[in-house]
>>> print(open('entry-v4.cif').read())   # mmCIF, C-alpha atoms
data_structure
loop_
_atom_site.group_PDB
_atom_site.id
_atom_site.type_symbol
_atom_site.label_atom_id
_atom_site.label_comp_id
_atom_site.auth_asym_id
_atom_site.auth_seq_id
_atom_site.Cartn_x
_atom_site.Cartn_y
_atom_site.Cartn_z
ATOM 1 C CA SER A 351 119.705 101.743 79.900
ATOM 2 C CA ALA A 352 118.501 105.200 79.027
ATOM 3 C CA LYS A 353 119.484 106.437 75.604
ATOM 4 C CA LEU A 354 120.348 110.084 76.009
ATOM 5 C CA GLU A 355 119.162 112.459 73.323
ATOM 6 C CA CYS A 356 121.262 115.002 71.466
ATOM 7 C CA PRO A 357 120.268 118.609 72.067
ATOM 8 C CA GLN A 358 118.035 120.193 69.461
ATOM 9 C CA ASP A 359 119.804 121.186 66.213
ATOM 10 C CA TRP A 360 122.716 118.850 66.916
ATOM 11 C CA LEU A 361 123.433 115.957 64.539
ATOM 12 C CA SER A 362 123.259 112.547 66.117
ATOM 13 C CA HIS A 363 125.540 109.681 65.102
ATOM 14 C CA ARG A 364 126.343 106.529 67.070
ATOM 15 C CA ASP A 365 127.015 107.755 70.598
ATOM 16 C CA LYS A 366 127.966 111.307 69.702
ATOM 17 C CA CYS A 367 126.271 114.579 68.892
ATOM 18 C CA PHE A 368 127.795 117.061 66.457
ATOM 19 C CA ARG A 369 127.182 120.716 65.830
ATOM 20 C CA VAL A 370 128.626 122.841 63.064
ATOM 21 C CA SER A 371 129.152 126.469 64.048
ATOM 22 C CA GLN A 372 127.363 129.187 62.123
ATOM 23 C CA VAL A 373 130.206 131.664 62.537
ATOM 24 C CA SER A 374 133.901 131.679 61.671
ATOM 25 C CA ASN A 375 136.705 132.364 64.083
ATOM 26 C CA THR A 376 140.153 131.176 65.171
ATOM 27 C CA TRP A 377 140.814 127.635 66.363
ATOM 28 C CA GLU A 378 141.095 128.832 69.983
ATOM 29 C CA GLU A 379 137.743 130.592 69.774
ATOM 30 C CA GLY A 380 136.203 127.397 68.435
ATOM 31 C CA LEU A 381 137.676 125.559 71.400
ATOM 32 C CA VAL A 382 136.144 128.072 73.806
ATOM 33 C CA ASP A 383 132.782 128.008 72.036
ATOM 34 C CA CYS A 384 132.511 124.205 72.211
ATOM 35 C CA ASP A 385 133.579 124.274 75.835
ATOM 36 C CA GLY A 386 130.787 126.721 76.607
ATOM 37 C CA LYS A 387 128.324 124.242 75.099
ATOM 38 C CA GLY A 388 129.600 121.436 77.320
ATOM 39 C CA ALA A 389 131.295 119.934 74.290
ATOM 40 C CA THR A 390 134.755 119.686 72.697
ATOM 41 C CA LEU A 391 136.084 120.293 69.221
ATOM 42 C CA MET A 392 135.481 117.191 67.132
ATOM 43 C CA LEU A 393 137.670 114.144 67.680
ATOM 44 C CA ILE A 394 137.461 111.848 64.657
ATOM 45 C CA GLN A 395 137.345 108.209 65.726
ATOM 46 C CA ASP A 396 137.386 106.514 62.345
ATOM 47 C CA GLN A 397 136.723 106.818 58.626
ATOM 48 C CA GLU A 398 133.073 105.959 59.035
ATOM 49 C CA GLU A 399 132.496 108.843 61.421
ATOM 50 C CA LEU A 400 134.347 111.210 59.118
ATOM 51 C CA ARG A 401 132.220 110.070 56.173
ATOM 52 C CA PHE A 402 129.015 110.588 58.131
ATOM 53 C CA LEU A 403 130.088 114.098 58.957
ATOM 54 C CA LEU A 404 131.127 114.959 55.411
ATOM 55 C CA ASP A 405 127.781 113.695 54.154
ATOM 56 C CA SER A 406 125.981 115.831 56.720
ATOM 57 C CA ILE A 407 127.833 119.061 56.050
ATOM 58 C CA LYS A 408 125.993 120.820 53.304
ATOM 59 C CA GLU A 409 128.531 123.583 52.729
ATOM 60 C CA LYS A 410 131.314 121.403 51.375
ATOM 61 C CA TYR A 411 133.364 124.384 50.217
ATOM 62 C CA ASN A 412 134.020 125.603 53.764
ATOM 63 C CA SER A 413 136.764 124.492 56.120
ATOM 64 C CA PHE A 414 135.851 123.392 59.629
ATOM 65 C CA TRP A 415 138.198 123.283 62.599
ATOM 66 C CA ILE A 416 138.490 119.967 64.428
ATOM 67 C CA GLY A 417 140.179 119.181 67.733
ATOM 68 C CA LEU A 418 143.591 118.429 66.295
ATOM 69 C CA ARG A 419 146.699 120.581 66.307
ATOM 70 C CA TYR A 420 150.398 120.359 65.663
ATOM 71 C CA THR A 421 152.254 120.611 68.932
ATOM 72 C CA LEU A 422 155.780 121.732 69.637
ATOM 73 C CA PRO A 423 158.279 120.761 70.917
ATOM 74 C CA ASP A 424 157.205 117.142 70.233
ATOM 75 C CA MET A 425 156.388 118.023 66.598
ATOM 76 C CA ASN A 426 153.398 115.771 66.577
ATOM 77 C CA TRP A 427 149.733 115.974 65.676
ATOM 78 C CA LYS A 428 147.748 115.686 68.887
ATOM 79 C CA TRP A 429 144.038 115.525 69.574
ATOM 80 C CA ILE A 430 142.814 117.842 72.305
ATOM 81 C CA ASN A 431 142.187 114.818 74.547
ATOM 82 C CA GLY A 432 145.938 114.234 74.545
ATOM 83 C CA SER A 433 146.111 111.272 72.182
ATOM 84 C CA THR A 434 148.414 111.286 69.165
ATOM 85 C CA LEU A 435 147.007 111.154 65.645
ATOM 86 C CA ASN A 436 146.653 107.716 64.084
ATOM 87 C CA SER A 437 147.511 108.319 60.441
ATOM 88 C CA ASP A 438 145.434 105.315 59.361
ATOM 89 C CA VAL A 439 142.335 107.265 60.268
ATOM 90 C CA LEU A 440 143.375 110.636 58.876
ATOM 91 C CA LYS A 441 145.852 111.550 56.216
ATOM 92 C CA ILE A 442 147.049 115.097 56.535
ATOM 93 C CA THR A 443 148.562 116.643 53.446
ATOM 94 C CA GLY A 444 151.086 119.405 52.961
ATOM 95 C CA ASP A 445 153.849 120.985 54.994
ATOM 96 C CA THR A 446 153.379 121.615 58.662
ATOM 97 C CA GLU A 447 153.947 125.025 60.146
ATOM 98 C CA ASN A 448 154.765 125.558 63.795
ATOM 99 C CA ASP A 449 151.350 126.894 64.597
ATOM 100 C CA SER A 450 149.065 124.598 62.639
ATOM 101 C CA CYS A 451 145.572 123.451 63.437
ATOM 102 C CA ALA A 452 143.577 120.886 61.497
ATOM 103 C CA ALA A 453 140.422 121.568 59.525
ATOM 104 C CA ILE A 454 138.173 119.344 57.439
ATOM 105 C CA SER A 455 137.900 120.778 53.966
ATOM 106 C CA GLY A 456 135.937 118.870 51.363
ATOM 107 C CA ASP A 457 136.907 115.242 51.966
ATOM 108 C CA LYS A 458 140.377 115.883 53.280
ATOM 109 C CA VAL A 459 142.033 117.237 56.357
ATOM 110 C CA THR A 460 144.206 120.253 55.810
ATOM 111 C CA PHE A 461 146.114 122.394 58.210
ATOM 112 C CA GLU A 462 146.118 126.098 58.478
ATOM 113 C CA SER A 463 147.434 128.756 60.793
ATOM 114 C CA CYS A 464 145.478 128.455 64.038
ATOM 115 C CA ASN A 465 144.734 132.171 63.763
ATOM 116 C CA SER A 466 142.887 131.955 60.477
ATOM 117 C CA ASP A 467 139.104 132.068 60.500
ATOM 118 C CA ASN A 468 137.084 128.913 59.950
ATOM 119 C CA ARG A 469 133.843 127.508 61.155
ATOM 120 C CA TRP A 470 134.205 124.514 63.477
ATOM 121 C CA ILE A 471 132.549 121.319 64.610
ATOM 122 C CA CYS A 472 131.753 120.607 68.259
ATOM 123 C CA GLN A 473 130.986 117.149 69.600
ATOM 124 C CA LYS A 474 129.347 115.828 72.745
ATOM 125 C CA GLU A 475 129.480 112.211 73.802
ATOM 126 C CA LEU A 476 126.326 110.542 75.029
ATOM 127 C CA TYR A 477 126.917 108.588 78.174
ATOM 128 C CA HIS A 478 124.687 105.668 78.885
ATOM 129 C CA GLU A 479 123.498 105.477 82.441
ATOM 130 C CA THR A 480 124.111 101.980 83.703
ATOM 131 C CA LEU A 481 123.209 100.252 86.903
ATOM 132 C CA SER A 482 126.842 100.084 87.950
ATOM 133 C CA ASN A 483 126.783 103.853 88.470
ATOM 134 C CA TYR A 484 124.374 103.362 91.321
ATOM 135 C CA VAL A 485 125.463 100.101 92.880
ATOM 136 C CA GLY A 486 128.213 100.332 95.457
ATOM 137 C CA TYR A 487 130.559 97.512 94.536
ATOM 138 C CA GLY A 488 133.225 96.111 96.789
ATOM 139 C CA HIS A 489 131.544 96.788 100.130
#
>>> encode(input="entry-v4.cif", output="structure tokens")
Amino acid sequence: SAKLECPQDWLSHRDKCFRVSQVSNTWEEGLVDCDGKGATLMLIQDQEELRFLLDSIKEKYNSFWIGLRYTLPDMNWKWINGSTLNSDVLKITGDTENDSCAAISGDKVTFESCNSDNRWICQKELYHETLSNYVGYGH
């Protein structure tokens, strides 16, 4: 099966590509920017992926938006793909405000007002083309 390549100047890890923005803006603007690149704000699958990313980010002192925000009325942390945060993967520290979005800062995840300015991390998933995409089953 064809291994798809990450676009130039994207980081490649497992079956994802990551890109750290060069500019700072609000969480929503980060969302829009990733969308325009055919990507989404980063969804952290596990500790290993988070570690890879932290090792790759040279500017450790910055905060980077990820695709996680605190949603009302359910008062829950939700990823932008609709799934709820698994706190085994990420520990979020501090008090939650109504309008909070998550950012990676150093080696922890913090939350800030969604309107504050941070850089952000986009991700794309690499899909493997398989034969089953082309074969008409069940005919």
>>> resolve_selection(input="entry-v4.cif", expression="the PyMOL selection byres ((chain A and resi 437) around 12)", output="list in words")
Ile394, Gln395, Asp396, Gln397, Asn426, Trp427, Lys428, Thr434, Leu435, Asn436, Asp438, Val439, Leu440, Lys441, Ile442, Thr443 and Val459 of chain A
>>> atom_distance(input="entry-v4.cif", atom1="atom CA of A:Ser406", atom2="atom CA of A:Trp360")
11.1 Å
>>> closest_residue(input="entry-v4.cif", among="A:Trp377, A:Phe402, A:Tyr411, A:Phe461", to="A:Thr390", atoms="only C-alpha atoms")
A:Trp377
>>> residues_around(input="entry-v4.cif", residues="A:Asp405", least_positions_apart="3", cutoff="12 Å", atoms="all atoms listed in the file", output="number ranges by chain")
A: 361, 363, 398-402, 408-410, 456-457
>>> atom_distance(input="entry-v4.cif", atom1="atom CA of A:Gly417", atom2="atom CA of A:Gln473")
9.6 Å
>>> resolve_selection(input="entry-v4.cif", expression="the PyMOL selection byres ((chain A and resi 453) around 10)", output="list in words")
Trp377, Asn412, Ser413, Phe414, Trp415, Ile416, Gly417, Leu418, Arg419, Ile442, Ser450, Cys451, Ala452, Ile454, Ser455, Gly456, Lys458, Val459, Thr460, Phe461, Glu462, Cys464, Asn468, Arg469, Trp470 and Ile471 of chain A
>>> closest_residue(input="entry-v4.cif", among="A:Leu403, A:Met425, A:Leu476, A:Leu381", to="A:Asp365", atoms="all atoms listed in the file")
A:Leu476
>>> residues_around(input="entry-v4.cif", residues="A:Lys387", least_positions_apart="4", cutoff="9 Å", atoms="all atoms listed in the file", output="PDB file with C-alpha atoms, in the coordinates of the input")
ATOM      1  CA  VAL A 382     136.144 128.072  73.806  1.00  0.00           C
ATOM      2  CA  ASP A 383     132.782 128.008  72.036  1.00  0.00           C
ATOM      3  CA  CYS A 472     131.753 120.607  68.259  1.00  0.00           C
ATOM      4  CA  LYS A 474     129.347 115.828  72.745  1.00  0.00           C
TER       5      LYS A 474
END
>>> atom_distance(input="entry-v4.cif", atom1="atom CA of A:Asn375", atom2="atom CA of A:Ser466")
7.2 Å
>>> build_atoms(input="entry-v4.cif", residues="stretch 422-451 of chain A", atoms="N, CA and C atoms", output="PDB file, keeping the file's coordinate frame")
ATOM      1  N   LEU A 422     154.346 121.649  69.406  1.00  0.00           N
ATOM      2  CA  LEU A 422     155.780 121.732  69.637  1.00  0.00           C
ATOM      3  C   LEU A 422     155.974 121.611  71.139  1.00  0.00           C
ATOM      4  N   PRO A 423     157.094 121.176  71.659  1.00  0.00           N
ATOM      5  CA  PRO A 423     158.279 120.761  70.917  1.00  0.00           C
ATOM      6  C   PRO A 423     158.212 119.332  70.362  1.00  0.00           C
ATOM      7  N   ASP A 424     157.176 118.553  70.670  1.00  0.00           N
ATOM      8  CA  ASP A 424     157.205 117.142  70.233  1.00  0.00           C
ATOM      9  C   ASP A 424     156.931 116.969  68.739  1.00  0.00           C
ATOM     10  N   MET A 425     156.591 118.073  68.037  1.00  0.00           N
ATOM     11  CA  MET A 425     156.388 118.023  66.598  1.00  0.00           C
ATOM     12  C   MET A 425     155.499 116.856  66.186  1.00  0.00           C
ATOM     13  N   ASN A 426     154.336 116.861  66.776  1.00  0.00           N
ATOM     14  CA  ASN A 426     153.398 115.771  66.577  1.00  0.00           C
ATOM     15  C   ASN A 426     151.991 116.325  66.458  1.00  0.00           C
ATOM     16  N   TRP A 427     151.148 115.619  65.701  1.00  0.00           N
ATOM     17  CA  TRP A 427     149.733 115.974  65.676  1.00  0.00           C
ATOM     18  C   TRP A 427     149.068 115.359  66.891  1.00  0.00           C
ATOM     19  N   LYS A 428     148.416 116.189  67.685  1.00  0.00           N
ATOM     20  CA  LYS A 428     147.748 115.686  68.887  1.00  0.00           C
ATOM     21  C   LYS A 428     146.302 116.129  68.924  1.00  0.00           C
ATOM     22  N   TRP A 429     145.438 115.192  69.323  1.00  0.00           N
ATOM     23  CA  TRP A 429     144.038 115.525  69.574  1.00  0.00           C
ATOM     24  C   TRP A 429     143.970 116.271  70.897  1.00  0.00           C
ATOM     25  N   ILE A 430     142.902 117.053  71.079  1.00  0.00           N
ATOM     26  CA  ILE A 430     142.814 117.842  72.305  1.00  0.00           C
ATOM     27  C   ILE A 430     142.582 116.983  73.543  1.00  0.00           C
ATOM     28  N   ASN A 431     142.284 115.689  73.362  1.00  0.00           N
ATOM     29  CA  ASN A 431     142.187 114.818  74.547  1.00  0.00           C
ATOM     30  C   ASN A 431     143.548 114.230  74.904  1.00  0.00           C
ATOM     31  N   GLY A 432     144.586 114.656  74.194  1.00  0.00           N
ATOM     32  CA  GLY A 432     145.938 114.234  74.545  1.00  0.00           C
ATOM     33  C   GLY A 432     146.477 113.080  73.721  1.00  0.00           C
ATOM     34  N   SER A 433     145.613 112.412  72.950  1.00  0.00           N
ATOM     35  CA  SER A 433     146.111 111.272  72.182  1.00  0.00           C
ATOM     36  C   SER A 433     146.740 111.739  70.870  1.00  0.00           C
ATOM     37  N   THR A 434     147.698 110.946  70.390  1.00  0.00           N
ATOM     38  CA  THR A 434     148.414 111.286  69.165  1.00  0.00           C
ATOM     39  C   THR A 434     147.632 110.787  67.958  1.00  0.00           C
ATOM     40  N   LEU A 435     147.732 111.507  66.859  1.00  0.00           N
ATOM     41  CA  LEU A 435     147.007 111.154  65.645  1.00  0.00           C
ATOM     42  C   LEU A 435     147.419 109.783  65.110  1.00  0.00           C
ATOM     43  N   ASN A 436     146.414 108.978  64.775  1.00  0.00           N
ATOM     44  CA  ASN A 436     146.653 107.716  64.084  1.00  0.00           C
ATOM     45  C   ASN A 436     146.477 107.989  62.593  1.00  0.00           C
ATOM     46  N   SER A 437     147.569 107.911  61.843  1.00  0.00           N
ATOM     47  CA  SER A 437     147.511 108.319  60.441  1.00  0.00           C
ATOM     48  C   SER A 437     146.731 107.339  59.560  1.00  0.00           C
ATOM     49  N   ASP A 438     146.319 106.197  60.120  1.00  0.00           N
ATOM     50  CA  ASP A 438     145.434 105.315  59.361  1.00  0.00           C
ATOM     51  C   ASP A 438     144.040 105.918  59.256  1.00  0.00           C
ATOM     52  N   VAL A 439     143.666 106.667  60.261  1.00  0.00           N
ATOM     53  CA  VAL A 439     142.335 107.265  60.268  1.00  0.00           C
ATOM     54  C   VAL A 439     142.329 108.533  59.422  1.00  0.00           C
ATOM     55  N   LEU A 440     143.319 109.369  59.598  1.00  0.00           N
ATOM     56  CA  LEU A 440     143.375 110.636  58.876  1.00  0.00           C
ATOM     57  C   LEU A 440     144.708 110.804  58.184  1.00  0.00           C
ATOM     58  N   LYS A 441     144.634 111.165  56.922  1.00  0.00           N
ATOM     59  CA  LYS A 441     145.852 111.550  56.216  1.00  0.00           C
ATOM     60  C   LYS A 441     145.857 113.073  56.154  1.00  0.00           C
ATOM     61  N   ILE A 442     146.951 113.649  56.595  1.00  0.00           N
ATOM     62  CA  ILE A 442     147.049 115.097  56.535  1.00  0.00           C
ATOM     63  C   ILE A 442     148.079 115.453  55.475  1.00  0.00           C
ATOM     64  N   THR A 443     147.685 116.337  54.569  1.00  0.00           N
ATOM     65  CA  THR A 443     148.562 116.643  53.446  1.00  0.00           C
ATOM     66  C   THR A 443     149.236 117.989  53.605  1.00  0.00           C
ATOM     67  N   GLY A 444     150.404 118.120  53.005  1.00  0.00           N
ATOM     68  CA  GLY A 444     151.086 119.405  52.961  1.00  0.00           C
ATOM     69  C   GLY A 444     152.173 119.542  54.004  1.00  0.00           C
ATOM     70  N   ASP A 445     152.775 120.714  54.041  1.00  0.00           N
ATOM     71  CA  ASP A 445     153.849 120.985  54.994  1.00  0.00           C
ATOM     72  C   ASP A 445     153.278 121.544  56.282  1.00  0.00           C
ATOM     73  N   THR A 446     153.892 121.183  57.375  1.00  0.00           N
ATOM     74  CA  THR A 446     153.379 121.615  58.662  1.00  0.00           C
ATOM     75  C   THR A 446     154.114 122.848  59.150  1.00  0.00           C
ATOM     76  N   GLU A 447     153.363 123.825  59.531  1.00  0.00           N
ATOM     77  CA  GLU A 447     153.947 125.025  60.146  1.00  0.00           C
ATOM     78  C   GLU A 447     153.974 124.810  61.646  1.00  0.00           C
ATOM     79  N   ASN A 448     154.694 125.674  62.340  1.00  0.00           N
ATOM     80  CA  ASN A 448     154.765 125.558  63.795  1.00  0.00           C
ATOM     81  C   ASN A 448     153.411 125.690  64.454  1.00  0.00           C
ATOM     82  N   ASP A 449     152.628 126.637  63.954  1.00  0.00           N
ATOM     83  CA  ASP A 449     151.350 126.894  64.597  1.00  0.00           C
ATOM     84  C   ASP A 449     150.239 126.442  63.663  1.00  0.00           C
ATOM     85  N   SER A 450     150.053 125.129  63.572  1.00  0.00           N
ATOM     86  CA  SER A 450     149.065 124.598  62.639  1.00  0.00           C
ATOM     87  C   SER A 450     147.942 123.890  63.378  1.00  0.00           C
ATOM     88  N   CYS A 451     146.735 124.133  62.906  1.00  0.00           N
ATOM     89  CA  CYS A 451     145.572 123.451  63.437  1.00  0.00           C
ATOM     90  C   CYS A 451     144.861 122.779  62.272  1.00  0.00           C
TER      91      CYS A 451
END
